[in-house]
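*Asks:* Let me begin by handing over the structure; questions about it come next.
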Amino acid sequence: MAKLSVNINKIATLRNSRGGDVPNLLKVAADVQKFGAEGVTIHPRPDERHIRYQDARDLVPVVYTEYNIEGNPVKKFIDLVLETKPTQVTLVPDADDAITSNAGWDTVKHKDFLADVIAEFKRNGIRTSIFVDPVLSMIEGAALTGSDRIELYTEAFAHDYGLGNESGIKPYVAAAELANKLNLGINAGHDLSLDNIKFFKENIPGLLEVSIGHALISESLYLGLENVVNMYLQRLK
Ligand SMILES: CC(=O)[C@@H](O)[C@H](O)COP(=O)(O)O
Ligand SMILES: NCC(=O)COP(=O)(O)O
């Protein structure tokens, strides 16, 4: 069974649109866990357009399942992670102006940088994961950084699957098989949804965790948050 980590960025986006505290981010974090989610993910961005750095701190006493913080390891982000000590940090190579994450790391080119940052997080007892495209050389490079896990960037799979093309799963299966051989744990995320999650889970050997936000919150508008969390849990069994 793969764990479901709910990404609550979109709750912060909605809250920030009015400048107040509705919806309340901490209540949503508490509720998704009460409904059965096994983790909470946030992805603070440098402009704090959704999750604020203070949210990351305020969530520490609220998240009693797995707390996953994603982001580009610039100094401010590294300091935040070392201060809040989440269960897991996921390193994502976002440009400051990216609308959303749009690529995995080049783990070959950035191997030394990643290895240094990862060693620092691991010294502090924080599990590490690197966001990567399903490309074998990038998986090999990830293993050389000493990271505990990878997070497969699933946008391409989700796009293909939405067009009815199931063969888009193939590079992900090959990447997962290699990661398993190299003792890298496997997470996945980006554009996963109620429509595609079951097929993805059934085809990826050793999938440990998925982080899902955009679709999950959108689906909840129609179906309700508790119901949607449970629908994901059923599909991830
Ligand atoms: C790393 C990733 O895949 C992203 O989906 C991210 O965590 C979501 O970020 P935004 O909510 O800023 O699009
Ligand atoms: N790591 C991916 C994530 O947290 C959520 O991505 P999305 O479901 O908002 O695309």
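Naming works like this for the structure tokens: A, B, ... for the chains as they're shown, residue 1 at the start of each chain, ligands 1 onward in shown order.
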Excluding stretch 150-162 of chain A and its own-chain neighbours fewer than 6 positions away, which residues fall within 8 Å of it when counting only C-alpha atoms? Please give them as number ranges by chain.
*Replies:* A: 90, 103-104, 129-134, 139, 142, 168-169, 172, 184-192, 196
*Asks:* Using only C-alpha atoms, which residues sit within 9 Å of stretch 54-62 of chain A once same-chain residues fewer than 6 positions away are excluded, as a ChimeraX atom specification?
*Replies:* /A:12,25-27,29-30,42,44,69,80-81,83-86
*Asks:* Store the residues picked out above in a file with N, CA, C and O atoms, as a PDB file, in the first residue's frame.
*Replies:*
```
ATOM      1  N   ALA A  12      -3.912  27.065   0.886  1.00  0.00           N
ATOM      2  CA  ALA A  12      -3.251  28.350   1.176  1.00  0.00           C
ATOM      3  C   ALA A  12      -3.514  29.358   0.063  1.00  0.00           C
ATOM      4  O   ALA A  12      -3.693  30.560   0.324  1.00  0.00           O
ATOM      5  N   LEU A  25      -5.815  26.764   7.196  1.00  0.00           N
ATOM      6  CA  LEU A  25      -4.864  25.753   6.708  1.00  0.00           C
ATOM      7  C   LEU A  25      -4.604  24.660   7.749  1.00  0.00           C
ATOM      8  O   LEU A  25      -4.517  23.474   7.413  1.00  0.00           O
ATOM      9  N   LEU A  26      -4.498  25.081   9.009  1.00  0.00           N
ATOM     10  CA  LEU A  26      -4.169  24.099  10.053  1.00  0.00           C
ATOM     11  C   LEU A  26      -5.335  23.144  10.279  1.00  0.00           C
ATOM     12  O   LEU A  26      -5.138  21.943  10.515  1.00  0.00           O
ATOM     13  N   LYS A  27      -6.545  23.661  10.169  1.00  0.00           N
ATOM     14  CA  LYS A  27      -7.719  22.792  10.328  1.00  0.00           C
ATOM     15  C   LYS A  27      -7.783  21.776   9.178  1.00  0.00           C
ATOM     16  O   LYS A  27      -8.069  20.599   9.392  1.00  0.00           O
ATOM     17  N   ALA A  29      -5.263  20.654   7.481  1.00  0.00           N
ATOM     18  CA  ALA A  29      -4.191  19.669   7.713  1.00  0.00           C
ATOM     19  C   ALA A  29      -4.624  18.639   8.758  1.00  0.00           C
ATOM     20  O   ALA A  29      -4.405  17.432   8.604  1.00  0.00           O
ATOM     21  N   ALA A  30      -5.258  19.133   9.829  1.00  0.00           N
ATOM     22  CA  ALA A  30      -5.735  18.210  10.870  1.00  0.00           C
ATOM     23  C   ALA A  30      -6.822  17.298  10.300  1.00  0.00           C
ATOM     24  O   ALA A  30      -6.829  16.082  10.545  1.00  0.00           O
ATOM     25  N   ILE A  42       3.661  20.189   1.877  1.00  0.00           N
ATOM     26  CA  ILE A  42       3.599  21.603   1.486  1.00  0.00           C
ATOM     27  C   ILE A  42       4.786  21.891   0.571  1.00  0.00           C
ATOM     28  O   ILE A  42       5.804  21.208   0.637  1.00  0.00           O
ATOM     29  N   PRO A  44       6.436  25.350  -0.096  1.00  0.00           N
ATOM     30  CA  PRO A  44       6.567  26.812  -0.057  1.00  0.00           C
ATOM     31  C   PRO A  44       7.425  27.302  -1.216  1.00  0.00           C
ATOM     32  O   PRO A  44       8.433  26.666  -1.550  1.00  0.00           O
ATOM     33  N   ILE A  69       8.093  18.412   3.249  1.00  0.00           N
ATOM     34  CA  ILE A  69       8.262  19.778   2.732  1.00  0.00           C
ATOM     35  C   ILE A  69       9.052  19.700   1.432  1.00  0.00           C
ATOM     36  O   ILE A  69      10.136  19.111   1.387  1.00  0.00           O
ATOM     37  N   LEU A  80      14.762  26.742   6.768  1.00  0.00           N
ATOM     38  CA  LEU A  80      13.391  26.433   7.220  1.00  0.00           C
ATOM     39  C   LEU A  80      13.253  24.939   7.525  1.00  0.00           C
ATOM     40  O   LEU A  80      12.662  24.547   8.538  1.00  0.00           O
ATOM     41  N   VAL A  81      13.801  24.116   6.647  1.00  0.00           N
ATOM     42  CA  VAL A  81      13.684  22.662   6.835  1.00  0.00           C
ATOM     43  C   VAL A  81      14.467  22.220   8.075  1.00  0.00           C
ATOM     44  O   VAL A  81      13.978  21.414   8.878  1.00  0.00           O
ATOM     45  N   GLU A  83      15.025  23.972  10.640  1.00  0.00           N
ATOM     46  CA  GLU A  83      14.299  24.465  11.827  1.00  0.00           C
ATOM     47  C   GLU A  83      13.069  23.602  12.123  1.00  0.00           C
ATOM     48  O   GLU A  83      12.805  23.253  13.275  1.00  0.00           O
ATOM     49  N   THR A  84      12.317  23.250  11.078  1.00  0.00           N
ATOM     50  CA  THR A  84      11.037  22.559  11.306  1.00  0.00           C
ATOM     51  C   THR A  84      11.195  21.041  11.396  1.00  0.00           C
ATOM     52  O   THR A  84      10.300  20.366  11.899  1.00  0.00           O
ATOM     53  N   LYS A  85      12.297  20.524  10.873  1.00  0.00           N
ATOM     54  CA  LYS A  85      12.580  19.084  10.935  1.00  0.00           C
ATOM     55  C   LYS A  85      11.380  18.197  10.550  1.00  0.00           C
ATOM     56  O   LYS A  85      10.859  17.433  11.380  1.00  0.00           O
ATOM     57  N   PRO A  86      10.946  18.296   9.294  1.00  0.00           N
ATOM     58  CA  PRO A  86       9.851  17.429   8.849  1.00  0.00           C
ATOM     59  C   PRO A  86      10.331  15.974   8.735  1.00  0.00           C
ATOM     60  O   PRO A  86      11.533  15.697   8.831  1.00  0.00           O
TER      61      PRO A  86
END
```
*Asks:* Which neighbours of A:Glu38 fall inside 12 Å, counting only C-alpha atoms, when residues of the same chain fewer than 6 positions from it are skipped, and could you give them as a ChimeraX atom specification?
*Replies:* /A:1-7,29-32,63-68,87,208-212,229-230,232-233,236
*Asks:* Since we have the selection now, will you write its residues out, keeping N, CA, C and O atoms, as a short mmCIF file (atom, residue, chain, number, x, y, z; two decimals), in the first residue's frame?
*Replies:*
```cif
data_model
loop_
_atom_site.label_atom_id
_atom_site.label_comp_id
_atom_site.auth_asym_id
_atom_site.auth_seq_id
_atom_site.Cartn_x
_atom_site.Cartn_y
_atom_site.Cartn_z
N MET A 1 0.84 -1.21 0.00
CA MET A 1 0.00 0.00 0.00
C MET A 1 0.88 1.26 0.00
O MET A 1 1.78 1.39 0.82
N ALA A 2 0.61 2.15 -0.94
CA ALA A 2 1.36 3.41 -0.98
C ALA A 2 0.65 4.44 -0.09
O ALA A 2 -0.56 4.49 -0.02
N LYS A 3 1.46 5.25 0.60
CA LYS A 3 0.87 6.26 1.49
C LYS A 3 0.37 7.46 0.69
O LYS A 3 0.99 7.85 -0.30
N LEU A 4 -0.72 8.04 1.19
CA LEU A 4 -1.25 9.27 0.59
C LEU A 4 -0.82 10.46 1.43
O LEU A 4 -1.14 10.56 2.61
N SER A 5 -0.07 11.37 0.80
CA SER A 5 0.28 12.64 1.45
C SER A 5 -0.49 13.73 0.72
O SER A 5 -0.35 13.90 -0.50
N VAL A 6 -1.31 14.45 1.45
CA VAL A 6 -2.14 15.49 0.81
C VAL A 6 -1.37 16.81 0.77
O VAL A 6 -0.93 17.32 1.80
N ASN A 7 -1.22 17.32 -0.44
CA ASN A 7 -0.56 18.62 -0.62
C ASN A 7 -1.61 19.72 -0.41
O ASN A 7 -2.63 19.77 -1.11
N ALA A 29 -5.26 20.65 7.48
CA ALA A 29 -4.19 19.67 7.71
C ALA A 29 -4.62 18.64 8.76
O ALA A 29 -4.41 17.43 8.60
N ALA A 30 -5.26 19.13 9.83
CA ALA A 30 -5.74 18.21 10.87
C ALA A 30 -6.82 17.30 10.30
O ALA A 30 -6.83 16.08 10.55
N ASP A 31 -7.71 17.86 9.51
CA ASP A 31 -8.84 17.07 8.99
C ASP A 31 -8.40 16.01 7.99
O ASP A 31 -8.90 14.88 8.04
N VAL A 32 -7.49 16.33 7.09
CA VAL A 32 -7.11 15.29 6.11
C VAL A 32 -6.48 14.09 6.83
O VAL A 32 -6.69 12.94 6.43
N VAL A 63 0.87 18.34 12.33
CA VAL A 63 1.08 17.15 11.47
C VAL A 63 1.68 16.03 12.31
O VAL A 63 2.86 16.07 12.68
N TYR A 64 0.85 15.04 12.60
CA TYR A 64 1.31 13.90 13.40
C TYR A 64 1.55 12.68 12.53
O TYR A 64 1.99 11.64 13.00
N THR A 65 1.21 12.79 11.23
CA THR A 65 1.57 11.74 10.28
C THR A 65 2.89 12.16 9.65
O THR A 65 3.68 12.83 10.28
N GLU A 66 3.14 11.83 8.39
CA GLU A 66 4.41 12.22 7.76
C GLU A 66 4.32 13.66 7.24
O GLU A 66 3.40 13.99 6.49
N TYR A 67 5.28 14.44 7.62
CA TYR A 67 5.32 15.84 7.18
C TYR A 67 6.38 15.94 6.08
O TYR A 67 7.56 15.66 6.32
N ASN A 68 5.94 16.32 4.88
CA ASN A 68 6.83 16.40 3.73
C ASN A 68 6.90 17.84 3.24
O ASN A 68 5.87 18.42 2.89
N THR A 87 9.40 15.07 8.50
CA THR A 87 9.76 13.67 8.27
C THR A 87 10.65 13.57 7.02
O THR A 87 11.60 12.79 6.98
N LEU A 208 6.01 3.88 -2.64
CA LEU A 208 5.87 4.09 -1.19
C LEU A 208 4.89 5.20 -0.84
O LEU A 208 4.19 5.13 0.16
N GLU A 209 4.89 6.26 -1.65
CA GLU A 209 4.10 7.44 -1.27
C GLU A 209 3.75 8.27 -2.49
O GLU A 209 4.57 8.40 -3.41
N VAL A 210 2.54 8.81 -2.49
CA VAL A 210 2.18 9.80 -3.51
C VAL A 210 1.77 11.08 -2.79
O VAL A 210 1.14 11.03 -1.73
N SER A 211 2.16 12.22 -3.35
CA SER A 211 1.70 13.50 -2.82
C SER A 211 0.78 14.11 -3.88
O SER A 211 1.14 14.20 -5.05
N ILE A 212 -0.41 14.47 -3.43
CA ILE A 212 -1.44 14.91 -4.38
C ILE A 212 -2.14 16.15 -3.82
O ILE A 212 -2.56 16.16 -2.66
N VAL A 229 -10.56 11.89 0.10
CA VAL A 229 -9.40 11.24 0.75
C VAL A 229 -9.63 9.73 0.79
O VAL A 229 -8.75 8.94 0.45
N ASN A 230 -10.84 9.34 1.15
CA ASN A 230 -11.13 7.90 1.22
C ASN A 230 -11.12 7.23 -0.14
O ASN A 230 -10.70 6.08 -0.27
N TYR A 232 -9.14 8.06 -2.58
CA TYR A 232 -7.71 7.83 -2.89
C TYR A 232 -7.18 6.63 -2.11
O TYR A 232 -6.45 5.79 -2.64
N LEU A 233 -7.56 6.56 -0.82
CA LEU A 233 -7.04 5.47 0.00
C LEU A 233 -7.48 4.12 -0.57
O LEU A 233 -6.68 3.17 -0.61
N LEU A 236 -5.36 3.27 -3.55
CA LEU A 236 -3.92 3.05 -3.26
C LEU A 236 -3.66 1.74 -2.53
O LEU A 236 -2.52 1.41 -2.24
#
```
*Asks:* I'd like the neighbourhood of A:Gly71 as a VMD selection string, where a residue qualifies if any of its atoms comes within 6 Å (using only C-alpha atoms), though same-chain residues fewer than 3 positions away should be ignored.
*Replies:* chain A and resid 43 91 to 92
*Asks:* Expressed in Å to a single decimal, how great is the separation between atom CA of A:Arg49 and atom CA of A:Trp105?
*Replies:* 22.8 Å
*Asks:* Select from stretch 46-236 of chain A everything DSSP, run on the backbone, classes as strand (DSSP E or B), then give the selection as a ChimeraX atom specification.
*Replies:* /A:66-71,88-91,127-132,149-153,185-189,207-212
*Asks:* As JSON, numbers by chain, please: every residue in stretch 98-232 of chain A that a backbone DSSP assignment puts in helix (DSSP H, G or I).
*Replies:* {"A": [111, 112, 113, 114, 115, 116, 117, 118, 119, 120, 121, 122, 123, 136, 137, 138, 139, 140, 141, 142, 143, 144, 155, 156, 157, 158, 159, 160, 161, 162, 166, 167, 168, 169, 170, 171, 172, 173, 174, 175, 176, 177, 178, 179, 180, 181, 197, 198, 199, 200, 201, 202, 203, 214, 215, 216, 217, 218, 219, 220, 221, 222, 223, 225, 226, 227, 228, 229, 230, 231, 232]}
*Asks:* Can you list, as a ChimeraX atom specification, every protein, DNA or RNA residue that comes within 10 Å of A:Pro46 when you count only C-alpha atoms, leaving out same-chain residues fewer than 3 positions away?
*Replies:* /A:43,49-53,71-72,74,76-77,94-97
*Asks:* Report, in Å to a single decimal, how far apart atom CA of A:Glu70 and atom 1 (C, counted along the ligand's line) of ligand 1 are.
*Replies:*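 If I compute the distance from atom 1 (C, counted along the ligand's line) of ligand 1 to atom CA of A:Glu70, I get 6.4 Å.
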*Asks:* What does the structure give for the distance between atom CA of A:Ala175 and atom CA of A:Ala98, in Å to one decimal?
*Replies:*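 Straight-line distance from atom CA of A:Ala175 to atom CA of A:Ala98 works out to 25.3 Å.
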*Asks:* Looking at A:Arg127, A:Lys10, A:Lys201, A:Lys75, which one is nearest to ligand 2, with distances taken over only C-alpha atoms and all ligand atoms?
*Replies:*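 Using only C-alpha atoms and all ligand atoms, ligand 2 sits closest to A:Lys10.
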*Asks:* When you count only C-alpha atoms, which of these residues is closest to A:Ile197: A:Leu182, A:Gln88, A:Arg235, A:Ala115?
*Replies:*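 Under the stated criterion, the closest residue is A:Arg235.
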